[in-house]
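**Q** Following this message is one structure expressed as structure tokens.
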Amino acid sequence: MKKSCLISISILLAVMGTSAQERPEFEWEAPLPEVRSAGFYRIPVTPALSAKAWRNGEWDIRIFRDSAEIPYFIERNYEWLSEGDFIAYATPELVFVPGKETVIVFEPKPQQAIREFGLRYANTAVKKNVVLTGSNDRQLWYALRPPFQLDPAAAVPVKGKDTIIEETITLPVSGFRYFRLVINDSASAPILFNCVGFRRDADRREVIRRIGGVPMQLLKGKDRRTDRFLVVLPAAYPLSELRLQFLQPQMYRRDAVLFAIENGRERQLAFGSVSSEDSVNRFPLREAEACDSLVVQVENGDNPPLVPGDAELWQDEWGMTAQLEPGRYALRGGALGQRAPVYDAAYFATKYRRLAGEVLAPGDPVVLQKDEAGGESKTFFTSKRWVWLGIVLVVGLLGFVVRSMVREMKKNRD
């Protein structure tokens, strides 16, 4: 009887474990073009995708190949106007331990928080494993990022020095006084170090794109001293800027406030003014706001009302970069209770950027049916209905075993 009881309990735990491992149900899916060769690919976040994937201020996007989740790196797109000048730090401390490691210790000056630095070394085809740490006293060294590889494929040639390459090393924003690189030389001869430094006066501009224009509709009111215009968006796009057009009068200047409509309530997003002297009436939004309806409130005072034109919708341009093998992939998101994914690919952002080539433009997201949302049809062991039925049966079996044991105990007592 004891053996039967143990078997029943084991079955119950197995069924409950199966229930806990059930795969999340995604709300939407967007297909990617077929990948025909291995490499790093750029995947733009299209307006249609942004309307589905922007959730609670984060990008809720996952890349899948069948049931395998693929890590990626996502960032805003920038137009680089100038890469800036490379400034080398003062001569660092360099220690070679033959057959074991190369240690480089440097002190950034001027002293300031850094998020990346450039490492220059002689051209090579050899990759090296590296550990990066930081310290304020050169006694205790603290971890900054997981171990990584120096990869010549991610470096760029230095202008005017064909035999020297520069690789950018990224790290979380850090204000340590000293930084140490420990390069593993146990598998090959050391690389020839040149210098370490930073880029000064690099100039870049954020890229924003126009989604489209929609008409502004005048909301009727008793008093035209204050006009309210409704802007209905085709979808809940995350917007970074709203541009307004007014047709008449020829000269005007009015105070204005922008509101978002959420669940029947209004929330103020921005305030400013609209004027005929400005070529474009812009309402920049400090953070990307996702909503499907906006209200523009204009204070006319004693002036004649404005005749509305269109409202232009603009958003920040974002893109993902992923390392993919040949095959078919899809983007998924919207699973209840899941937060936006975080991958260590962010630590290799520079490498991803430089190796990225072909662009894979995703198709428009489609809503998944319940039996598709988990990626596969449910079987006996993945359907909640059957799991609960199994639990009930096992509990019943346990009750039967306990009852039999009680009867046997009474019989032995008599």
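In the structure tokens, chains take letters A, B, ... by order of appearance, with residues numbered from 1 within each chain and ligands from 1 in the order shown.
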For the strand (DSSP E) assignment from backbone DSSP, which residues of range 13-224 of chain A qualify? Please present them as JSON, numbers by chain.
**A** {"A": [28, 29, 30, 31, 39, 40, 41, 42, 43, 44, 54, 55, 58, 59, 62, 63, 64, 65, 68, 69, 70, 73, 74, 75, 76, 78, 79, 80, 81, 82, 85, 86, 87, 88, 93, 94, 95, 96, 97, 101, 102, 103, 104, 105, 106, 114, 115, 116, 117, 118, 119, 120, 121, 122, 128, 129, 130, 131, 132, 133, 134, 135, 142, 143, 148, 149, 150, 156, 157, 158, 161, 162, 163, 164, 165, 166, 167, 168, 169, 170, 171, 172, 173, 174, 178, 179, 180, 181, 182, 183, 184, 193, 194, 195, 196, 197, 198, 199, 200, 203, 204, 205, 206, 208, 209, 210, 211, 212, 213, 214, 215, 217, 218, 219]}
**Q** What's around Phe86 in chain A at 7 Å? Count only C-alpha atoms, leave out sequence neighbours fewer than 5 positions away in its own chain, and write the answer as a PyMOL selection string.
**A** chain A and resi 197-200
**Q** Can you tell me which residues surround Glu277 in chain A at a distance of at most 12 Å, considering only C-alpha atoms, apart from same-chain residues fewer than 2 positions away, and format the answer as number ranges by chain?
**A** A: 246, 249-254, 273-275, 279-281
**Q** Figure out the distance between CA of Asn300 in chain A and CA of Pro284 in chain A, please, to one decimal in Å.
**A**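 Here the two named atoms are 21.7 Å from each other.
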**Q** For the atom pair CA of Arg267 in chain A and CA of Pro365 in chain A, what is the interatomic distance in Å to one decimal place?
**A** 28.3 Å
**Q** With only C-alpha atoms as the atoms that count, which of A:Glu101, A:Glu325, A:Glu167, A:Asp60 lies nearest to Lys351 in chain A?
**A** A:Glu167
**Q** Please identify all polymer residues within 8 Å of Cys291 in chain A, counting only C-alpha atoms, omitting same-chain residues fewer than 2 positions from it, and present them as number ranges by chain.
**A** A: 233, 235-238, 260-262, 289, 293-294
**Q** Could you write those residues out with N, CA, C and O atoms, as a PDB file, in the first residue's frame?
**A**
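Contents of the output file part36.pdb:
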ATOM      1  N   LEU A 233      -6.288  57.945 -34.444  1.00  0.00           N
ATOM      2  CA  LEU A 233      -5.190  57.233 -35.096  1.00  0.00           C
ATOM      3  C   LEU A 233      -5.686  55.908 -35.684  1.00  0.00           C
ATOM      4  O   LEU A 233      -6.603  55.293 -35.124  1.00  0.00           O
ATOM      5  N   ALA A 235      -4.201  53.152 -35.556  1.00  0.00           N
ATOM      6  CA  ALA A 235      -3.845  52.112 -34.585  1.00  0.00           C
ATOM      7  C   ALA A 235      -3.129  52.799 -33.426  1.00  0.00           C
ATOM      8  O   ALA A 235      -2.805  53.994 -33.494  1.00  0.00           O
ATOM      9  N   ALA A 236      -2.879  52.050 -32.356  1.00  0.00           N
ATOM     10  CA  ALA A 236      -2.240  52.621 -31.163  1.00  0.00           C
ATOM     11  C   ALA A 236      -0.727  52.697 -31.366  1.00  0.00           C
ATOM     12  O   ALA A 236       0.052  51.990 -30.726  1.00  0.00           O
ATOM     13  N   TYR A 237      -0.296  53.578 -32.274  1.00  0.00           N
ATOM     14  CA  TYR A 237       1.118  53.734 -32.555  1.00  0.00           C
ATOM     15  C   TYR A 237       1.825  54.451 -31.402  1.00  0.00           C
ATOM     16  O   TYR A 237       1.286  55.423 -30.849  1.00  0.00           O
ATOM     17  N   PRO A 238       3.049  54.059 -31.036  1.00  0.00           N
ATOM     18  CA  PRO A 238       3.850  54.879 -30.124  1.00  0.00           C
ATOM     19  C   PRO A 238       4.396  56.082 -30.881  1.00  0.00           C
ATOM     20  O   PRO A 238       5.160  55.927 -31.832  1.00  0.00           O
ATOM     21  N   ALA A 260      -4.123  62.808 -24.404  1.00  0.00           N
ATOM     22  CA  ALA A 260      -4.388  61.448 -24.876  1.00  0.00           C
ATOM     23  C   ALA A 260      -5.681  60.980 -24.239  1.00  0.00           C
ATOM     24  O   ALA A 260      -5.985  61.323 -23.090  1.00  0.00           O
ATOM     25  N   ILE A 261      -6.463  60.197 -24.997  1.00  0.00           N
ATOM     26  CA  ILE A 261      -7.701  59.627 -24.462  1.00  0.00           C
ATOM     27  C   ILE A 261      -7.449  58.165 -24.139  1.00  0.00           C
ATOM     28  O   ILE A 261      -7.105  57.368 -25.011  1.00  0.00           O
ATOM     29  N   GLU A 262      -7.609  57.824 -22.858  1.00  0.00           N
ATOM     30  CA  GLU A 262      -7.395  56.453 -22.395  1.00  0.00           C
ATOM     31  C   GLU A 262      -8.574  56.024 -21.548  1.00  0.00           C
ATOM     32  O   GLU A 262      -8.848  56.624 -20.506  1.00  0.00           O
ATOM     33  N   GLU A 289       4.500  57.683 -26.736  1.00  0.00           N
ATOM     34  CA  GLU A 289       3.166  57.482 -26.182  1.00  0.00           C
ATOM     35  C   GLU A 289       2.347  56.635 -27.152  1.00  0.00           C
ATOM     36  O   GLU A 289       2.241  56.958 -28.336  1.00  0.00           O
ATOM     37  N   SER A 293      -6.278  57.706 -29.745  1.00  0.00           N
ATOM     38  CA  SER A 293      -7.017  58.950 -29.922  1.00  0.00           C
ATOM     39  C   SER A 293      -6.336  60.081 -29.160  1.00  0.00           C
ATOM     40  O   SER A 293      -5.857  59.881 -28.036  1.00  0.00           O
ATOM     41  N   LEU A 294      -6.315  61.272 -29.786  1.00  0.00           N
ATOM     42  CA  LEU A 294      -5.725  62.457 -29.178  1.00  0.00           C
ATOM     43  C   LEU A 294      -6.705  63.615 -29.277  1.00  0.00           C
ATOM     44  O   LEU A 294      -7.563  63.648 -30.169  1.00  0.00           O
TER      45      LEU A 294
END
**Q** In terms of the shortest atom-to-atom distance over only C-alpha atoms, which of A:Pro152, A:Pro108, A:Arg138, A:Ala311 is closest to Ser174 in chain A?
**A**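 Comparing A:Pro152, A:Pro108, A:Arg138, A:Ala311 against Ser174 in chain A, the winner is A:Pro108.
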**Q** CA of Phe179 in chain A to CA of Val97 in chain A: how many Å, to one decimal?
**A**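 Between CA of Phe179 in chain A and CA of Val97 in chain A the gap works out to 18.5 Å.
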**Q** From the set A:Ile211, A:Leu218, A:Leu368, A:Leu144, which residue has the shortest atom-to-atom contact distance to Glu312 in chain A, counting only C-alpha atoms?
**A**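 Answer, going by the shortest atom-to-atom distance: A:Ile211.
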**Q** Show me, as a PDB file with C-alpha atoms, in the first residue's frame, the residues that have an atom within 12 Å of Val367 in chain A when counting only C-alpha atoms, minus same-chain residues fewer than 2 positions from it.
**A**
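Result file is result22.pdb:
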ATOM      1  CA  GLU A  25       0.129  31.966 -25.388  1.00  0.00           C
ATOM      2  CA  PHE A  26       1.181  34.808 -27.676  1.00  0.00           C
ATOM      3  CA  GLU A  27      -1.423  37.222 -29.010  1.00  0.00           C
ATOM      4  CA  TRP A  28       0.155  38.050 -32.362  1.00  0.00           C
ATOM      5  CA  GLU A  29       2.735  36.867 -34.885  1.00  0.00           C
ATOM      6  CA  ALA A  30       4.573  38.586 -37.751  1.00  0.00           C
ATOM      7  CA  PRO A  31       6.430  36.452 -40.325  1.00  0.00           C
ATOM      8  CA  LEU A  49       4.613  46.114 -35.693  1.00  0.00           C
ATOM      9  CA  LYS A  52       1.315  45.647 -31.411  1.00  0.00           C
ATOM     10  CA  LEU A 331       8.149  37.553 -34.446  1.00  0.00           C
ATOM     11  CA  ARG A 332       5.713  36.970 -31.568  1.00  0.00           C
ATOM     12  CA  GLY A 333       4.477  38.921 -28.574  1.00  0.00           C
ATOM     13  CA  GLY A 334       1.608  39.827 -26.303  1.00  0.00           C
ATOM     14  CA  ALA A 335       1.792  36.814 -23.966  1.00  0.00           C
ATOM     15  CA  ASP A 364       2.192  42.867 -40.684  1.00  0.00           C
ATOM     16  CA  PRO A 365       1.302  41.189 -37.372  1.00  0.00           C
ATOM     17  CA  GLN A 369      -6.035  31.888 -32.528  1.00  0.00           C
ATOM     18  CA  LYS A 370      -5.946  30.247 -29.117  1.00  0.00           C
ATOM     19  CA  ASP A 371      -4.662  26.928 -30.452  1.00  0.00           C
ATOM     20  CA  GLU A 372      -1.909  28.742 -32.410  1.00  0.00           C
ATOM     21  CA  ALA A 373      -0.756  31.107 -29.690  1.00  0.00           C
TER      22      ALA A 373
END
**Q** Let's see if you can do this: from backbone DSSP, list all helix (DSSP H, G or I) residues in range 24-75 of chain A, as JSON, numbers by chain.
**A** {"A": [47, 48, 49, 50, 51, 52, 53]}
**Q** Generate a file of the selected residues that holds N, CA and C atoms, formatted as an mmCIF file, in the first residue's frame.
**A**
data_model
loop_
_atom_site.group_PDB
_atom_site.id
_atom_site.type_symbol
_atom_site.label_atom_id
_atom_site.label_comp_id
_atom_site.auth_asym_id
_atom_site.auth_seq_id
_atom_site.Cartn_x
_atom_site.Cartn_y
_atom_site.Cartn_z
ATOM 1 N N PRO A 47 5.785 50.511 -38.525
ATOM 2 C CA PRO A 47 4.661 51.103 -37.789
ATOM 3 C C PRO A 47 3.611 50.073 -37.367
ATOM 4 N N ALA A 48 3.272 49.139 -38.269
ATOM 5 C CA ALA A 48 2.277 48.118 -37.925
ATOM 6 C C ALA A 48 2.768 47.258 -36.768
ATOM 7 N N LEU A 49 4.056 46.914 -36.775
ATOM 8 C CA LEU A 49 4.613 46.114 -35.693
ATOM 9 C C LEU A 49 4.652 46.909 -34.393
ATOM 10 N N SER A 50 4.983 48.183 -34.475
ATOM 11 C CA SER A 50 5.077 49.007 -33.267
ATOM 12 C C SER A 50 3.736 49.112 -32.545
ATOM 13 N N ALA A 51 2.647 49.138 -33.298
ATOM 14 C CA ALA A 51 1.321 49.249 -32.686
ATOM 15 C C ALA A 51 0.983 48.025 -31.847
ATOM 16 N N LYS A 52 1.563 46.872 -32.169
ATOM 17 C CA LYS A 52 1.315 45.647 -31.411
ATOM 18 C C LYS A 52 2.355 45.428 -30.315
ATOM 19 N N ALA A 53 3.613 45.811 -30.597
ATOM 20 C CA ALA A 53 4.718 45.369 -29.752
ATOM 21 C C ALA A 53 5.087 46.349 -28.640
#
**Q** What's around Thr124 in chain A at 8 Å? Count only C-alpha atoms, leave out sequence neighbours fewer than 2 positions away in its own chain, and write the answer as an MDAnalysis selection string.
**A** chainID A and resid 122 126 152 191
**Q** Could you take the residues named above and write them with C-alpha atoms, as a PDB file, in the first residue's frame?
**A**
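In the end it all went to out_18.pdb:
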ATOM      1  CA  ALA A 122      47.636  44.992 -34.731  1.00  0.00           C
ATOM      2  CA  VAL A 126      42.743  35.433 -33.929  1.00  0.00           C
ATOM      3  CA  PRO A 152      38.771  41.200 -35.368  1.00  0.00           C
ATOM      4  CA  ILE A 191      48.058  40.171 -29.852  1.00  0.00           C
TER       5      ILE A 191
END
**Q** Find the residues near Phe271 in chain A: any atom within 10 Å, counting only C-alpha atoms, skip ones fewer than 4 places away on the same chain, and give them as a list in words.
**A**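 So, after excluding close chain neighbours, the residues are Asp255, Ala256, Val257, Leu258, Phe259, Phe283, Pro284, Leu285, Val296 and Gln297 of chain A.
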**Q** Which is closer to Asp85 in chain A than all the others in A:Gln323, A:Pro341, A:Val158, A:Lys109, using only C-alpha atoms?
**A**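 Counting only C-alpha atoms, the residue closest to Asp85 in chain A is A:Val158.
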